[in-house]
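Student: Got a structure here, written out as structure tokens. Questions coming.
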Amino acid sequence: MSTTEAILLGSATFALVVGATYWFLSHESAGTMMLLTMAVGLTIAAAYLRLVRRRASLPADRPDVRPSDVREPVGVFASRSVWPAVLALSCAACLTGLIYGWWLAVAGAGGVTAALVGLVQDDRAARSR
């Protein structure tokens, strides 16, 4: 079992224990379902990593790795971009719109679309440099 899988399964076990404890102490279904959904999502992620382990192995999963052994770049990231903040605020507006009114949800969805387009354009510009 890789380090990443162990962390994901450990977190899933934690969510299951907390979810069961939460249910027995409060008998409140919404919080219990959120904790159980978290456990299921983490378990699915760990199972996926186990399935693709032969095709994609991370250097961090080897127990004998040192930081100096990993010299490959992680990726290309656009620096000084306003779009992550726009995306966060637009998501907040969209979700708040589900509570207060459809007009705010539509405006938030438009902001999410604009932010995603901006992120893609920034990424393409960073990769072409």
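Numbering starts fresh at 1 for the residues of each chain in the structure tokens, the chains themselves are lettered A, B, ... in the order given, and ligands are numbered from 1 as they appear.
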To test your reading of the structure, identify every residue in stretch 19-92 of chain A that backbone DSSP assigns to helix (DSSP H, G or I), and report it as a compact mmCIF listing (two decimals) with C-alpha atoms, in the first residue's frame.
Tutor:
```txt
# COMPACT_ATOMS: atom_id res chain seq x y z
CA GLY A 19 -19.77 9.91 11.65
CA ALA A 20 -20.89 6.98 13.80
CA THR A 21 -20.07 8.85 17.01
CA TYR A 22 -21.86 11.94 15.73
CA TRP A 23 -24.98 9.91 14.93
CA PHE A 24 -25.13 8.21 18.31
CA LEU A 25 -24.58 11.45 20.21
CA SER A 26 -26.82 13.81 18.21
CA SER A 29 -28.91 13.02 9.88
CA ALA A 30 -27.43 15.85 7.78
CA GLY A 31 -24.04 15.98 9.50
CA THR A 32 -23.87 12.20 9.66
CA MET A 33 -24.51 11.91 5.93
CA MET A 34 -21.83 14.51 5.16
CA LEU A 35 -19.27 12.60 7.21
CA LEU A 36 -20.25 9.29 5.61
CA THR A 37 -20.08 10.88 2.16
CA MET A 38 -16.58 12.09 2.99
CA ALA A 39 -15.60 8.54 3.97
CA VAL A 40 -17.02 7.10 0.75
CA GLY A 41 -15.24 9.72 -1.40
CA LEU A 42 -11.89 9.07 0.28
CA THR A 43 -12.34 5.32 -0.11
CA ILE A 44 -13.13 5.73 -3.81
CA ALA A 45 -9.99 7.87 -4.28
CA ALA A 46 -7.86 5.24 -2.50
CA ALA A 47 -9.36 2.44 -4.60
CA TYR A 48 -8.66 4.39 -7.78
CA LEU A 49 -5.04 4.90 -6.76
CA ARG A 50 -4.73 1.18 -6.11
CA LEU A 51 -6.09 0.43 -9.60
CA PRO A 59 8.20 9.19 -6.00
CA ALA A 60 6.74 10.09 -2.60
CA ASP A 61 5.25 6.61 -2.34
CA PRO A 67 14.00 15.17 -1.64
CA SER A 68 17.17 15.31 -3.71
CA ASP A 69 16.05 12.19 -5.66
CA TRP A 83 -8.81 34.10 -11.67
CA PRO A 84 -8.58 31.79 -8.61
CA ALA A 85 -10.02 34.57 -6.43
CA VAL A 86 -12.73 35.29 -9.02
CA LEU A 87 -13.56 31.58 -9.14
CA ALA A 88 -13.85 31.35 -5.34
CA LEU A 89 -16.07 34.42 -5.07
CA SER A 90 -18.23 33.27 -7.99
CA CYS A 91 -18.69 29.82 -6.42
CA ALA A 92 -19.68 31.49 -3.17
```
Student: With only C-alpha atoms as the counted atoms, please give the residues lying no more than 9 Å from A:Ala107, apart from itself and same-chain residues fewer than 6 positions off, as a list in words.
Tutor: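 Residues meeting the cut-off are Ser90, Ala93, Cys94 and Gly97 of chain A.
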Student: Between A:Gly110, A:Gly118, A:Arg80, A:Thr4, which one has atoms that come closest to A:Arg62, using only C-alpha atoms?
Tutor: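 When distances to A:Arg62 are compared using only C-alpha atoms, the smallest one comes from A:Thr4.
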Student: Can you tell me which residues surround A:Leu95 at a distance of at most 10 Å, considering only C-alpha atoms, apart from same-chain residues fewer than 6 positions away, and format the answer as an mmCIF file with all heavy atoms, in the first residue's frame?
Tutor:
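Full text of around-v1.cif as output:
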```
data_model
loop_
_atom_site.group_PDB
_atom_site.id
_atom_site.type_symbol
_atom_site.label_atom_id
_atom_site.label_comp_id
_atom_site.auth_asym_id
_atom_site.auth_seq_id
_atom_site.Cartn_x
_atom_site.Cartn_y
_atom_site.Cartn_z
ATOM 1 N N LEU A 89 -14.957 33.506 -5.353
ATOM 2 C CA LEU A 89 -16.072 34.418 -5.074
ATOM 3 C C LEU A 89 -17.314 34.069 -5.896
ATOM 4 O O LEU A 89 -18.439 34.163 -5.413
ATOM 5 C CB LEU A 89 -15.649 35.858 -5.330
ATOM 6 C CG LEU A 89 -14.616 36.410 -4.340
ATOM 7 C CD1 LEU A 89 -14.130 37.787 -4.799
ATOM 8 C CD2 LEU A 89 -15.193 36.483 -2.947
ATOM 9 N N GLY A 101 -31.861 33.366 -3.905
ATOM 10 C CA GLY A 101 -32.607 33.655 -5.119
ATOM 11 C C GLY A 101 -31.879 33.174 -6.362
ATOM 12 O O GLY A 101 -30.655 33.153 -6.419
ATOM 13 N N TRP A 102 -32.634 32.792 -7.349
ATOM 14 C CA TRP A 102 -32.066 32.230 -8.569
ATOM 15 C C TRP A 102 -31.197 33.231 -9.302
ATOM 16 O O TRP A 102 -30.249 32.866 -9.982
ATOM 17 C CB TRP A 102 -33.171 31.710 -9.483
ATOM 18 C CG TRP A 102 -34.084 32.790 -9.962
ATOM 19 C CD1 TRP A 102 -35.230 33.221 -9.395
ATOM 20 C CD2 TRP A 102 -33.896 33.612 -11.122
ATOM 21 N NE1 TRP A 102 -35.782 34.243 -10.097
ATOM 22 C CE2 TRP A 102 -34.986 34.508 -11.181
ATOM 23 C CE3 TRP A 102 -32.925 33.662 -12.118
ATOM 24 C CZ2 TRP A 102 -35.117 35.451 -12.185
ATOM 25 C CZ3 TRP A 102 -33.062 34.606 -13.121
ATOM 26 C CH2 TRP A 102 -34.153 35.485 -13.158
ATOM 27 N N LEU A 104 -29.074 35.361 -8.161
ATOM 28 C CA LEU A 104 -27.711 35.341 -7.646
ATOM 29 C C LEU A 104 -26.981 34.069 -8.083
ATOM 30 O O LEU A 104 -25.787 34.096 -8.395
ATOM 31 C CB LEU A 104 -27.725 35.458 -6.114
ATOM 32 C CG LEU A 104 -26.391 35.650 -5.421
ATOM 33 C CD1 LEU A 104 -25.655 36.869 -5.962
ATOM 34 C CD2 LEU A 104 -26.600 35.777 -3.921
ATOM 35 N N ALA A 105 -27.712 32.968 -8.160
ATOM 36 C CA ALA A 105 -27.113 31.723 -8.636
ATOM 37 C C ALA A 105 -26.710 31.840 -10.112
ATOM 38 O O ALA A 105 -25.642 31.363 -10.514
ATOM 39 C CB ALA A 105 -28.088 30.554 -8.451
ATOM 40 N N VAL A 106 -27.537 32.487 -10.910
ATOM 41 C CA VAL A 106 -27.216 32.682 -12.328
ATOM 42 C C VAL A 106 -26.004 33.601 -12.485
ATOM 43 O O VAL A 106 -25.092 33.323 -13.285
ATOM 44 C CB VAL A 106 -28.444 33.222 -13.094
ATOM 45 C CG1 VAL A 106 -28.077 33.652 -14.497
ATOM 46 C CG2 VAL A 106 -29.544 32.174 -13.124
ATOM 47 N N GLY A 108 -23.640 34.049 -10.278
ATOM 48 C CA GLY A 108 -22.486 33.278 -9.820
ATOM 49 C C GLY A 108 -22.032 32.271 -10.853
ATOM 50 O O GLY A 108 -20.832 32.070 -11.063
ATOM 51 N N ALA A 109 -22.978 31.624 -11.533
ATOM 52 C CA ALA A 109 -22.624 30.662 -12.576
ATOM 53 C C ALA A 109 -21.913 31.361 -13.739
ATOM 54 O O ALA A 109 -20.964 30.810 -14.317
ATOM 55 C CB ALA A 109 -23.871 29.941 -13.075
#
```
